[in-house]
$ cat start.pdb   # PDB, C-alpha atoms
ATOM      1  CA  MET E   1      -6.851  -5.520  11.097
ATOM      2  CA  SER E   2     -10.515  -6.349  11.364
ATOM      3  CA  ALA E   3     -11.287  -9.732  12.920
ATOM      4  CA  GLU E   4     -13.668 -10.381  10.006
ATOM      5  CA  TYR E   5     -10.872 -10.381   7.437
ATOM      6  CA  GLN E   6      -7.395 -11.791   7.140
ATOM      7  CA  SER E   7      -4.587 -10.509   4.979
ATOM      8  CA  VAL E   8      -3.005 -13.155   2.762
ATOM      9  CA  ALA E   9      -0.717 -13.192  -0.262
ATOM     10  CA  LEU E  10      -2.536 -13.102  -3.575
ATOM     11  CA  SER E  11      -2.717 -16.467  -5.314
ATOM     12  CA  ASP E  12      -4.380 -17.872  -8.395
ATOM     13  CA  HIS E  13      -7.357 -19.164  -6.395
ATOM     14  CA  HIS E  14      -8.542 -15.632  -5.525
ATOM     15  CA  ASP E  15     -11.410 -14.137  -7.542
ATOM     16  CA  VAL E  16      -9.609 -11.080  -8.922
ATOM     17  CA  ALA E  17     -12.295 -10.463 -11.569
ATOM     18  CA  GLY E  18     -14.993 -10.165  -8.899
ATOM     19  CA  PHE E  19     -13.298  -7.294  -7.075
ATOM     20  CA  ASP E  20     -14.830  -3.839  -7.543
ATOM     21  CA  CYS E  21     -13.613  -0.792  -5.651
ATOM     22  CA  GLY E  22     -15.325   1.641  -8.004
ATOM     23  CA  VAL E  23     -12.053   2.719  -9.671
ATOM     24  CA  SER E  24     -11.576   0.921 -12.975
ATOM     25  CA  SER E  25      -7.775   1.308 -13.054
ATOM     26  CA  LEU E  26      -7.411  -0.330  -9.619
ATOM     27  CA  ASN E  27      -9.828  -3.128 -10.543
ATOM     28  CA  ALA E  28      -8.015  -3.739 -13.832
ATOM     29  CA  TRP E  29      -4.559  -3.786 -12.232
ATOM     30  CA  LEU E  30      -5.643  -6.442  -9.755
ATOM     31  CA  ALA E  31      -7.341  -8.534 -12.436
ATOM     32  CA  ASP E  32      -4.734  -8.181 -15.176
ATOM     33  CA  HIS E  33      -1.339  -7.484 -13.595
ATOM     34  CA  ALA E  34      -1.078  -8.241  -9.870
ATOM     35  CA  LEU E  35      -0.494 -11.979 -10.075
ATOM     36  CA  ARG E  36       2.004 -11.620 -12.927
ATOM     37  CA  ALA E  37       3.940  -8.961 -10.977
ATOM     38  CA  GLN E  38       3.955 -11.218  -7.952
ATOM     39  CA  GLN E  39       5.208 -14.208  -9.932
ATOM     40  CA  ALA E  40       7.932 -12.043 -11.518
ATOM     41  CA  GLY E  41       9.017 -10.780  -8.103
ATOM     42  CA  THR E  42       8.436  -7.114  -8.931
ATOM     43  CA  ALA E  43       5.616  -6.556  -6.415
ATOM     44  CA  ARG E  44       3.827  -8.428  -3.670
ATOM     45  CA  THR E  45       0.058  -8.143  -3.443
ATOM     46  CA  PHE E  46      -1.875  -8.962  -0.304
ATOM     47  CA  VAL E  47      -5.639  -9.435  -0.288
ATOM     48  CA  TRP E  48      -8.168  -9.264   2.488
ATOM     49  CA  VAL E  49     -10.473 -12.276   2.537
ATOM     50  CA  SER E  50     -12.991 -13.718   4.975
ATOM     51  CA  ALA E  51     -13.001 -17.230   6.414
ATOM     52  CA  GLN E  52     -16.487 -17.756   4.948
ATOM     53  CA  ALA E  53     -15.383 -16.931   1.391
ATOM     54  CA  PRO E  54     -11.585 -17.197   1.153
ATOM     55  CA  GLU E  55     -11.588 -16.648  -2.621
ATOM     56  CA  LYS E  56     -13.512 -13.317  -2.498
ATOM     57  CA  ILE E  57     -11.311 -10.224  -2.226
ATOM     58  CA  TRP E  58     -12.540  -7.397   0.000
ATOM     59  CA  ALA E  59      -9.433  -5.207  -0.182
ATOM     60  CA  TYR E  60      -5.904  -5.350  -1.489
ATOM     61  CA  PHE E  61      -2.577  -3.581  -1.507
ATOM     62  CA  SER E  62       0.687  -4.073  -3.368
ATOM     63  CA  LEU E  63       4.223  -3.307  -2.220
ATOM     64  CA  ALA E  64       7.375  -3.065  -4.313
ATOM     65  CA  PRO E  65      10.949  -2.004  -3.602
ATOM     66  CA  THR E  66      11.850   1.478  -4.788
ATOM     67  CA  GLU E  67      14.284   4.302  -4.323
ATOM     68  CA  VAL E  68      13.828   8.047  -4.351
ATOM     69  CA  THR E  69      16.462  10.585  -5.345
ATOM     70  CA  ARG E  70      17.419  13.356  -2.948
ATOM     71  CA  ASP E  71      16.475  16.130  -5.395
ATOM     72  CA  VAL E  72      12.731  15.554  -4.828
ATOM     73  CA  LEU E  73      12.991  15.096  -1.060
ATOM     74  CA  SER E  74      13.368  17.553   1.780
ATOM     75  CA  ARG E  75      16.521  17.308   3.887
ATOM     76  CA  GLY E  76      14.501  15.606   6.617
ATOM     77  CA  GLN E  77      13.079  13.070   4.192
ATOM     78  CA  SER E  78      16.434  12.229   2.594
ATOM     79  CA  SER E  79      18.604  12.495   5.722
ATOM     80  CA  GLY E  80      21.362  13.643   3.378
ATOM     81  CA  TYR E  81      21.536  10.486   1.251
ATOM     82  CA  THR E  82      21.762  10.812  -2.551
ATOM     83  CA  THR E  83      19.223   8.019  -3.084
ATOM     84  CA  VAL E  84      16.907   6.745  -0.420
ATOM     85  CA  PRO E  85      15.690   3.125  -0.526
ATOM     86  CA  GLY E  86      12.166   2.301   0.440
ATOM     87  CA  TYR E  87       8.928   0.592  -0.455
ATOM     88  CA  LEU E  88       6.351   1.732  -2.949
ATOM     89  CA  LEU E  89       2.777   1.250  -1.847
ATOM     90  CA  ALA E  90       1.875   0.658  -5.468
ATOM     91  CA  ARG E  91      -1.846   0.049  -5.033
ATOM     92  CA  LEU E  92      -4.392   0.104  -2.210
ATOM     93  CA  ALA E  93      -8.115  -0.449  -2.696
ATOM     94  CA  VAL E  94     -11.162  -1.431  -0.658
ATOM     95  CA  HIS E  95     -14.238  -3.103  -2.140
ATOM     96  CA  ALA E  96     -17.039  -0.617  -2.822
ATOM     97  CA  ASP E  97     -19.329  -2.479  -0.375
ATOM     98  CA  LEU E  98     -16.941  -1.599   2.483
ATOM     99  CA  ARG E  99     -16.438   2.081   1.592
ATOM    100  CA  GLY E 100     -16.940   4.571   4.386
ATOM    101  CA  LEU E 101     -16.622   1.965   7.145
ATOM    102  CA  GLY E 102     -13.027   2.712   8.157
ATOM    103  CA  TYR E 103     -11.436  -0.212   6.367
ATOM    104  CA  GLY E 104      -9.173   1.981   4.224
ATOM    105  CA  GLY E 105      -7.171   3.006   7.272
ATOM    106  CA  GLN E 106      -6.972  -0.589   8.474
ATOM    107  CA  VAL E 107      -5.718  -1.789   5.089
ATOM    108  CA  LEU E 108      -3.133   1.011   5.080
ATOM    109  CA  VAL E 109      -1.919   0.031   8.562
ATOM    110  CA  ASP E 110      -1.597  -3.566   7.336
ATOM    111  CA  ALA E 111       0.469  -2.391   4.338
ATOM    112  CA  LEU E 112       2.644  -0.132   6.487
ATOM    113  CA  SER E 113       3.218  -2.957   8.975
ATOM    114  CA  ARG E 114       4.484  -5.185   6.185
ATOM    115  CA  ALA E 115       6.716  -2.421   4.819
ATOM    116  CA  ALA E 116       8.173  -1.786   8.286
ATOM    117  CA  ARG E 117       8.918  -5.491   8.745
ATOM    118  CA  ALA E 118      10.549  -5.623   5.318
ATOM    119  CA  ALA E 119      12.672  -2.575   6.177
ATOM    120  CA  GLU E 120      13.747  -4.170   9.422
ATOM    121  CA  ALA E 121      14.841  -7.298   7.565
ATOM    122  CA  GLY E 122      16.323  -5.728   4.445
ATOM    123  CA  GLY E 123      16.653  -1.983   4.940
ATOM    124  CA  GLY E 124      14.692   0.948   3.614
ATOM    125  CA  ARG E 125      13.930   4.397   5.001
ATOM    126  CA  LEU E 126      10.695   5.458   3.267
ATOM    127  CA  VAL E 127       7.278   4.301   2.159
ATOM    128  CA  VAL E 128       6.250   6.046  -1.066
ATOM    129  CA  VAL E 129       2.772   6.349  -2.540
ATOM    130  CA  ASP E 130       1.467   7.926  -5.743
ATOM    131  CA  ALA E 131      -2.051   9.096  -4.874
ATOM    132  CA  LEU E 132      -4.575   8.874  -7.708
ATOM    133  CA  ASP E 133      -6.166  12.225  -6.885
ATOM    134  CA  ALA E 134      -6.445  14.977  -4.274
ATOM    135  CA  ALA E 135      -8.842  12.972  -2.110
ATOM    136  CA  ALA E 136      -6.427  10.034  -1.989
ATOM    137  CA  ALA E 137      -3.529  12.401  -1.205
ATOM    138  CA  SER E 138      -5.557  13.816   1.685
ATOM    139  CA  PHE E 139      -6.172  10.278   2.985
ATOM    140  CA  TYR E 140      -2.421   9.567   3.048
ATOM    141  CA  ARG E 141      -1.577  12.944   4.640
ATOM    142  CA  HIS E 142      -3.875  11.951   7.498
ATOM    143  CA  TYR E 143      -1.379   9.131   8.201
ATOM    144  CA  ASP E 144       1.698  11.423   8.235
ATOM    145  CA  PHE E 145       2.649  11.067   4.572
ATOM    146  CA  THR E 146       4.105  14.296   3.162
ATOM    147  CA  PRO E 147       4.391  15.342  -0.480
ATOM    148  CA  VAL E 148       7.742  15.356  -2.240
ATOM    149  CA  LYS E 149       8.964  18.533  -3.935
ATOM    150  CA  GLY E 150       6.962  19.488  -7.000
ATOM    151  CA  ASN E 151       4.397  16.668  -6.869
ATOM    152  CA  PRO E 152       1.507  16.875  -4.381
ATOM    153  CA  HIS E 153       0.326  13.369  -5.335
ATOM    154  CA  ARG E 154       3.648  11.621  -4.619
ATOM    155  CA  LEU E 155       3.908  11.300  -0.860
ATOM    156  CA  VAL E 156       6.383   9.682   1.507
ATOM    157  CA  VAL E 157       6.558   8.692   5.132
ATOM    158  CA  LYS E 158       9.683   7.632   6.976
ATOM    159  CA  ILE E 159       9.803   4.058   8.223
ATOM    160  CA  ALA E 160      10.691   5.490  11.659
ATOM    161  CA  ASN E 161       7.382   7.399  11.636
ATOM    162  CA  VAL E 162       5.568   4.236  10.552
ATOM    163  CA  ARG E 163       6.997   2.405  13.546
ATOM    164  CA  ASN E 164       5.771   5.196  15.824
ATOM    165  CA  LEU E 165       2.329   5.102  14.178
ATOM    166  CA  LEU E 166       2.107   1.342  14.731
ATOM    167  CA  ARG E 167       2.912   1.553  18.442
TER
END
$ encode --input "start.pdb" --output "structure tokens"
Amino acid sequence: MSAEYQSVALSDHHDVAGFDCGVSSLNAWLADHALRAQQAGTARTFVWVSAQAPEKIWAYFSLAPTEVTRDVLSRGQSSGYTTVPGYLLARLAVHADLRGLGYGGQVLVDALSRAARAAEAGGGRLVVVDALDAAAASFYRHYDFTPVKGNPHRLVVKIANVRNLLR
């Protein structure tokens, strides 16, 4: 993670309305749903803030527990299990002012690190992401995510591969 920013759990003191990544659905989810999902225990959202302005959000990601059925996975992805538990990387966004500076990869590594720690504590074999478009899918493939059967925008990576990536 960049020394300029720290990753912290979303709270009601963060300026969710001031975040703009350039994608209205990602902005709206953060502003309208992220805190409620966190309070309900359905997802955890982490925001990147700076020490100078701890209320301003520069990036965010959300993780939620999930499971994937074997019928959409390759044998290697499922390891033969009927359902495979994991973590959904439900959202990931970087403020438009930081676009093109390499922060997207750093935010993803932060999210994957948290998913790997959660899997170590509570189990889980995969991280799943639903890419918004082909460009986002390409971004995730760069980090060893592979598409599931029949859906090029739903991608998975094994937690074991995440651990190797983080080393």
$ closest_residue --input "start.pdb" --among "E:Ala93, E:Ala37, E:Leu155, E:Leu126" --to "E:Gln106" --atoms "only C-alpha atoms"
E:Ala93
$ atom_distance --input "start.pdb" --atom1 "atom CA of E:Leu88" --atom2 "atom CA of E:Val129"
5.9 Å
$ atom_distance --input "start.pdb" --atom1 "atom CA of E:Ala160" --atom2 "atom CA of E:Ala116"
8.4 Å
$ resolve_selection --input "start.pdb" --expression "the PyMOL selection byres ((chain E and resi 7) around 7)" --output "JSON, numbers by chain"
{"E": [5, 6, 8, 46, 47, 48, 49]}
$ closest_residue --input "start.pdb" --among "E:Leu165, E:Val127, E:Val107, E:Ala3" --to "E:Ala51" --atoms "all atoms listed in the file"
E:Ala3
$ resolve_selection --input "start.pdb" --expression "the PyMOL selection byres ((chain E and resi 13) around 12)" --output "PyMOL selection string"
chain E and resi 8-12+14-17+35+47+49+53-57
$ atom_distance --input "start.pdb" --atom1 "atom CA of E:Ala115" --atom2 "atom CA of E:Gln52"
27.8 Å
$ closest_residue --input "start.pdb" --among "E:Phe19, E:Tyr81, E:Tyr140, E:Tyr60" --to "E:Arg154" --atoms "all atoms listed in the file"
E:Tyr140
$ resolve_selection --input "start.pdb" --expression "the PyMOL selection byres ((chain E and resi 134) around 12)" --output "JSON, numbers by chain"
{"E": [130, 131, 132, 133, 135, 136, 137, 138, 139, 140, 141, 147, 151, 152, 153, 154, 155]}
$ closest_residue --input "start.pdb" --among "E:Leu166, E:Ala28, E:Leu112, E:Arg125" --to "E:Gln77" --atoms "all atoms listed in the file"
E:Arg125
$ residues_around --input "start.pdb" --residues "E:Leu92" --least-positions-apart "3" --cutoff "9 Å" --atoms "only C-alpha atoms" --output "number ranges by chain"
E: 26, 59-62, 89, 104, 107-108, 111
